[in-house]
Amino acid sequence: MAEITLTFPDGAKKAFEETASVADVAKSISVSLGKKAIAGKLDGALVDLTAPLKHDGAIEIITKNDPAALQVLWNTASLTLGAALKHLYPEMRFGEHAVTEHGFYYDTDNNKKPVSEDDLEAINQEMRKLVEQDGKITRKTVTKAAALAQFKDDQYKTTLLNNLDSDEVVLYHLDDFVDFGEQGVLPDTKVLKVSKLLSVAGAYWQGKSSNNMLQRVYGTAFFSEKEMEADDQRRQEAHDRDHRVIGNKLDLFFVDPKVGAGLPYWMPKGATIRRTIERYIIDKEISHGYQHVYTPVLMNLDAYKTSGHWDHYREDMFPPMDMGDGEQLELRPMNCPSHIQIYKHHIRSYRELPIRIAELGMMHRYEKSGALSGLQRVCEMTLNDGHTFVALDQIQDEFKKILNLMIEVYDDFDIHDYSFRLSYRDPKNTAKYFDDDAMWNRAQKMLKGAMDELGLNYVEAEGEAAFYGPKLDVQTKTALGNEETLSTIQLDFMLPERFDLSYVGNDGEEHRPVMIHRGLVSTMERFVAYLTEMYKGAFPTWLAPVQAVIIPVKNDLHAGYAYQVRDRMIKAGLRVEVDERNEKMGYKIREAQTQKIPYSLVIGDQEIEDATVSVRHYGEEKTVAQDTNMFIDAMVAEVGNYSRTGKSYQNDSTKQLDKKN
């Protein structure tokens with residue numbers, strides 16, 4: 001019988017019969033490993049425990065402690081979910097199923113009775129029966145033709161099969177249910193003792209709004225109750241920090257699919273947060289030498305054909321608008337061609353360089369409805385965008401200045417958990433990138449050299465570059481631990497060439513500038529979502545939509561003075577409201593805490609007599625009596641210093657008088 005040679009993680013090699021499975025390999029190492037093994041990896045790809053390995057390669061044995069173990073568990077759980085659904089709904093058809101970051105899902109279609117949240121417990125119970133029965137999962141490799149015959153009555157499975165490149169399909173049988181998908185499935189269900197279904201959501205078939213709406217059933221599973229409890233806590237924290245949940249509670253924004261999916265409406269409070277950020281960014285950029293501009297959201301399609309966006313980005317662009325006279329206008333997906341037109345409007349001299357152009361530029365991108373999410377994924381967005389036009393010998397210095405500006409902005413927003421990623425093109429798949437090897441090699445070398453000269457730590461990632469050039473991505477951790485690109489700096493030798501940009505050098509000749517694209521804080525939509533989750537809705541005073549609420553003890557006696565204080569604070573540039581609703585004072589204070597307003601100011605007889613306010617800071621129980629003028633001055637200073645001075649009533653110049661609540 002023919003043999004295969006397997007290479008182990010330590011470099012050791014060993015020969016096995018070509019019918020050997022992962023289980024056989026594990027047992028050959030030790031009896032205990034044979035018992036612990038749940039799957040394997042051959043050349044990095046998951047392989048079932050009982051699957052014949054067939055060819056030479058690098059082998060890894062997967063146990064419960066391996067990072068890939070949960071994927072195997074969740075693959076098995078999704079198969080078990082399918083079997084449970086088939087028992088309860090024999091007429092059901094099944095779409096895609098997949099493993100997510102924290103569990104799994106299965107798309108279902110049942111015209112007679114769509115799956116709802118109310119059905120989850122019954123489905124859970126059916127899954128438990130399969131687990132308690134120690135349901136055996138058998139695998140069988142068949143031809144694609146045989147698989148198509150197996151699923152001939154299911155339009156979704158037929159479509160998925162036809163999209164497969166391989167002519168071999170692995171079918172998994174559990175009870176009377178048959179499924180297929182990626183390998184990495186356990187041979188039985190007994191390990192699924194700690195699992196549960198989480199929710200049901202609508203999902204268009206293959207993410208296209210023109211297709212049928214399916215019901216996506218989400219679930220998760222773990223090897224122990226302790227892991228499940230930790231995940232429950234993580235999910236609760238995720239819910240508490242979800243910007244969509246907070247945005248609804250604090251009335252910041254809303255999205256209504258009836259009037260436009262992915263098109264957020266900013267309510268007054270959300271608009272105040274956004275406007276504060278925009279004013280900050282504009283002032284900050286102007287102080288660093290940027291010239292702010294306004295450019296149209298529509299542009300002739302030919303500009304995007306010249307830039308390459310039409311060739312490389314067409315699927316993410318909205319359809320062109322035919323103006324009837326041969327002109328086609330496009331909703332812009334990027335601001336770069338617009339800023340290029342600003343540069344080209346004048347003859348440029350080397351004395352002007354670097355030329356820094358910035359804009360809060362509105363853009364539109366087509367997103368599949370299934371990918372839209374609150375403010376994080378939208379169809380209309382406003383990018384904090386900037387483009388610098390430099391000479392070759394200015395690249396390094398300008399790169400440093402942009403990076404220092406980014407760090408300055410991060411400090412003001414109290415963002416400190418970030419890392420750097422150099423994003424290159426994929427050398428194995430260059431078709432989707434601008435075709436100029438010399439340009440790519442030069443740009444990537446310059447970017448790497450700049451980072452090395454600055455002495456900054458970074459990781460390198462192939463395949464993450466823009467189609468026109470490599471970039472530095474600043475990766476941040478969201479409050480939920482997910483990695484997100486917040487800022488970018490991109491070197492671009494391509495667009496200046498395509499748009500024939502030039503400047504007159506000190507030799508009187510025309511020279512080609514280099515273009516540096518940069519975004520400090522992504523889009524306003526995504527940045528507000530990020531900050532909402534980071535702050536958990538408790539925005540620092542300088543960003544809070546309402547910075548203080550004044551609560552009169554008795555409206556008829558104290559509201560007049562409350563409005564006098566409010567007017568003084570508004571005149572000082574603060575955002576203040578008076579709560580004179582016909583409610584008890586304790587209720588109003590609790591309401592201010594629920595709305596996460598930084599300061600609650602209570603005014604009664606004593607405060608009027610002493611010209612003070614009783615101050616309670618968000619999240620604290622005690623109140624502090626403070627001279628009104630001193631409090632206003634301290635609060636103005638706090639806002640002016642981006643809330644980095646601490647609570648205004650703790651200012652050294654402030655007279656504090658402790659009071660009981």
# chains A, B, ... in the order shown; residues from 1 in each chain; ligands from 1

$ closest_atom_pairs --of "region 188-278 of chain A" --to "region 584-599 of chain A" --cutoff "12 Å" --atoms "only C-alpha atoms" --output "tab-separated table"
residue	atom	partner	partner_atom	distance
A:Ile246	CA	A:Gln595	CA	9.7
A:Gly247	CA	A:Gln595	CA	10.8
A:Asn248	CA	A:Gln595	CA	11.1
A:Lys249	CA	A:Gln595	CA	7.8
A:Leu250	CA	A:Gln595	CA	6.0
A:Asp251	CA	A:Gln595	CA	9.3
A:Leu252	CA	A:Gln595	CA	11.0
A:Lys269	CA	A:Gln595	CA	11.0

$ closest_residue --among "A:Ile137, A:Ala146, A:Leu495, A:Val390" --to "Lys305 (chain A)" --atoms "only C-alpha atoms"
A:Leu495

$ select_by_dssp --residues "region 185-375 of chain A" --states "alpha helix (DSSP H)" --output "PDB file with C-alpha atoms, in the first residue's frame"
ATOM      1  CA  GLU A 225     -20.021  25.667  31.548  1.00  0.00           C
ATOM      2  CA  LYS A 226     -17.290  28.034  32.730  1.00  0.00           C
ATOM      3  CA  GLU A 227     -16.544  29.034  29.120  1.00  0.00           C
ATOM      4  CA  MET A 228     -20.256  29.550  28.458  1.00  0.00           C
ATOM      5  CA  GLU A 229     -20.599  31.763  31.544  1.00  0.00           C
ATOM      6  CA  ALA A 230     -17.641  33.870  30.385  1.00  0.00           C
ATOM      7  CA  ASP A 231     -19.240  34.200  26.959  1.00  0.00           C
ATOM      8  CA  ASP A 232     -22.554  35.228  28.549  1.00  0.00           C
ATOM      9  CA  GLN A 233     -20.719  38.008  30.384  1.00  0.00           C
ATOM     10  CA  ARG A 234     -19.000  39.068  27.176  1.00  0.00           C
ATOM     11  CA  ARG A 235     -22.313  39.173  25.338  1.00  0.00           C
ATOM     12  CA  GLN A 236     -23.903  41.244  28.100  1.00  0.00           C
ATOM     13  CA  GLU A 237     -20.987  43.661  27.978  1.00  0.00           C
ATOM     14  CA  ALA A 238     -21.317  43.774  24.186  1.00  0.00           C
ATOM     15  CA  HIS A 239     -25.014  44.587  24.532  1.00  0.00           C
ATOM     16  CA  ASP A 240     -24.354  47.276  27.138  1.00  0.00           C
ATOM     17  CA  ARG A 241     -21.752  48.902  24.895  1.00  0.00           C
ATOM     18  CA  HIS A 243     -23.693  51.829  19.956  1.00  0.00           C
ATOM     19  CA  ARG A 244     -27.048  50.922  18.417  1.00  0.00           C
ATOM     20  CA  VAL A 245     -28.542  50.168  21.844  1.00  0.00           C
ATOM     21  CA  ILE A 246     -26.956  53.242  23.446  1.00  0.00           C
ATOM     22  CA  GLY A 247     -27.889  55.406  20.463  1.00  0.00           C
ATOM     23  CA  ASN A 248     -31.529  54.440  20.929  1.00  0.00           C
ATOM     24  CA  LYS A 249     -31.520  54.997  24.703  1.00  0.00           C
ATOM     25  CA  PRO A 257     -35.087  50.769   6.382  1.00  0.00           C
ATOM     26  CA  LYS A 258     -38.454  52.058   5.153  1.00  0.00           C
ATOM     27  CA  VAL A 259     -36.851  55.341   4.143  1.00  0.00           C
ATOM     28  CA  GLY A 260     -33.373  54.050   3.344  1.00  0.00           C
ATOM     29  CA  PRO A 268     -30.203  66.692  17.871  1.00  0.00           C
ATOM     30  CA  LYS A 269     -28.030  65.064  20.557  1.00  0.00           C
ATOM     31  CA  GLY A 270     -26.168  62.837  18.107  1.00  0.00           C
ATOM     32  CA  ALA A 271     -25.756  65.784  15.754  1.00  0.00           C
ATOM     33  CA  THR A 272     -24.230  67.792  18.617  1.00  0.00           C
ATOM     34  CA  ILE A 273     -21.619  65.097  19.247  1.00  0.00           C
ATOM     35  CA  ARG A 274     -20.823  64.879  15.544  1.00  0.00           C
ATOM     36  CA  ARG A 275     -20.660  68.668  15.118  1.00  0.00           C
ATOM     37  CA  THR A 276     -18.300  68.971  18.095  1.00  0.00           C
ATOM     38  CA  ILE A 277     -15.975  66.376  16.553  1.00  0.00           C
ATOM     39  CA  GLU A 278     -16.128  68.057  13.147  1.00  0.00           C
ATOM     40  CA  ARG A 279     -15.282  71.477  14.551  1.00  0.00           C
ATOM     41  CA  TYR A 280     -12.431  69.964  16.538  1.00  0.00           C
ATOM     42  CA  ILE A 281     -11.012  68.150  13.496  1.00  0.00           C
ATOM     43  CA  ILE A 282     -11.235  71.174  11.208  1.00  0.00           C
ATOM     44  CA  ASP A 283      -9.532  73.458  13.736  1.00  0.00           C
ATOM     45  CA  LYS A 284      -6.867  70.843  14.448  1.00  0.00           C
ATOM     46  CA  GLU A 285      -6.076  70.290  10.783  1.00  0.00           C
ATOM     47  CA  ILE A 286      -5.973  74.005   9.974  1.00  0.00           C
ATOM     48  CA  SER A 287      -3.518  74.475  12.839  1.00  0.00           C
ATOM     49  CA  LEU A 301     -17.868  58.992 -14.224  1.00  0.00           C
ATOM     50  CA  ASP A 302     -14.821  59.495 -16.448  1.00  0.00           C
ATOM     51  CA  ALA A 303     -12.853  60.753 -13.422  1.00  0.00           C
ATOM     52  CA  TYR A 304     -13.372  57.424 -11.659  1.00  0.00           C
ATOM     53  CA  LYS A 305     -12.405  55.564 -14.793  1.00  0.00           C
ATOM     54  CA  THR A 306      -9.179  57.564 -14.886  1.00  0.00           C
ATOM     55  CA  SER A 307      -8.522  56.986 -11.179  1.00  0.00           C
ATOM     56  CA  HIS A 309     -12.019  53.177  -9.011  1.00  0.00           C
ATOM     57  CA  TRP A 310     -14.440  52.094 -11.740  1.00  0.00           C
ATOM     58  CA  ASP A 311     -12.284  49.097 -12.651  1.00  0.00           C
ATOM     59  CA  HIS A 312     -11.303  48.064  -9.131  1.00  0.00           C
ATOM     60  CA  TYR A 313     -14.192  49.300  -6.987  1.00  0.00           C
ATOM     61  CA  CYS A 336      -9.246  61.611  -3.925  1.00  0.00           C
ATOM     62  CA  PRO A 337     -10.234  62.653  -7.493  1.00  0.00           C
ATOM     63  CA  SER A 338     -12.016  65.716  -6.069  1.00  0.00           C
ATOM     64  CA  HIS A 339      -8.911  66.897  -4.226  1.00  0.00           C
ATOM     65  CA  ILE A 340      -6.835  66.216  -7.319  1.00  0.00           C
ATOM     66  CA  GLN A 341      -9.048  68.721  -9.155  1.00  0.00           C
ATOM     67  CA  ILE A 342      -8.325  71.298  -6.422  1.00  0.00           C
ATOM     68  CA  TYR A 343      -4.584  70.703  -6.935  1.00  0.00           C
ATOM     69  CA  LYS A 344      -4.846  70.902 -10.736  1.00  0.00           C
TER      70      LYS A 344
END

$ residues_around --residues "Met213 (chain A)" --least-positions-apart "6" --cutoff "9 Å" --atoms "only C-alpha atoms" --output "list in words"
Asp109, Gly202, Ala203, Tyr204 and Trp205 of chain A

$ write_last_selection --atoms "N, CA, C and O atoms" --output "PDB file, in the first residue's frame"
ATOM      1  N   ASP A 109     -35.283  28.619   5.426  1.00  0.00           N
ATOM      2  CA  ASP A 109     -36.435  29.124   4.673  1.00  0.00           C
ATOM      3  C   ASP A 109     -37.583  28.156   4.875  1.00  0.00           C
ATOM      4  O   ASP A 109     -37.502  26.982   4.476  1.00  0.00           O
ATOM      5  N   GLY A 202     -33.343  38.345  10.323  1.00  0.00           N
ATOM      6  CA  GLY A 202     -33.549  38.228   8.886  1.00  0.00           C
ATOM      7  C   GLY A 202     -32.228  38.386   8.144  1.00  0.00           C
ATOM      8  O   GLY A 202     -31.370  39.171   8.542  1.00  0.00           O
ATOM      9  N   ALA A 203     -32.060  37.632   7.063  1.00  0.00           N
ATOM     10  CA  ALA A 203     -30.845  37.726   6.252  1.00  0.00           C
ATOM     11  C   ALA A 203     -31.209  37.391   4.806  1.00  0.00           C
ATOM     12  O   ALA A 203     -31.758  36.319   4.538  1.00  0.00           O
ATOM     13  N   TYR A 204     -30.915  38.309   3.906  1.00  0.00           N
ATOM     14  CA  TYR A 204     -31.183  38.026   2.494  1.00  0.00           C
ATOM     15  C   TYR A 204     -30.261  36.918   2.002  1.00  0.00           C
ATOM     16  O   TYR A 204     -29.101  36.830   2.401  1.00  0.00           O
ATOM     17  N   TRP A 205     -30.797  36.071   1.164  1.00  0.00           N
ATOM     18  CA  TRP A 205     -30.026  34.981   0.575  1.00  0.00           C
ATOM     19  C   TRP A 205     -28.817  35.557  -0.143  1.00  0.00           C
ATOM     20  O   TRP A 205     -28.948  36.421  -1.013  1.00  0.00           O
TER      21      TRP A 205
END
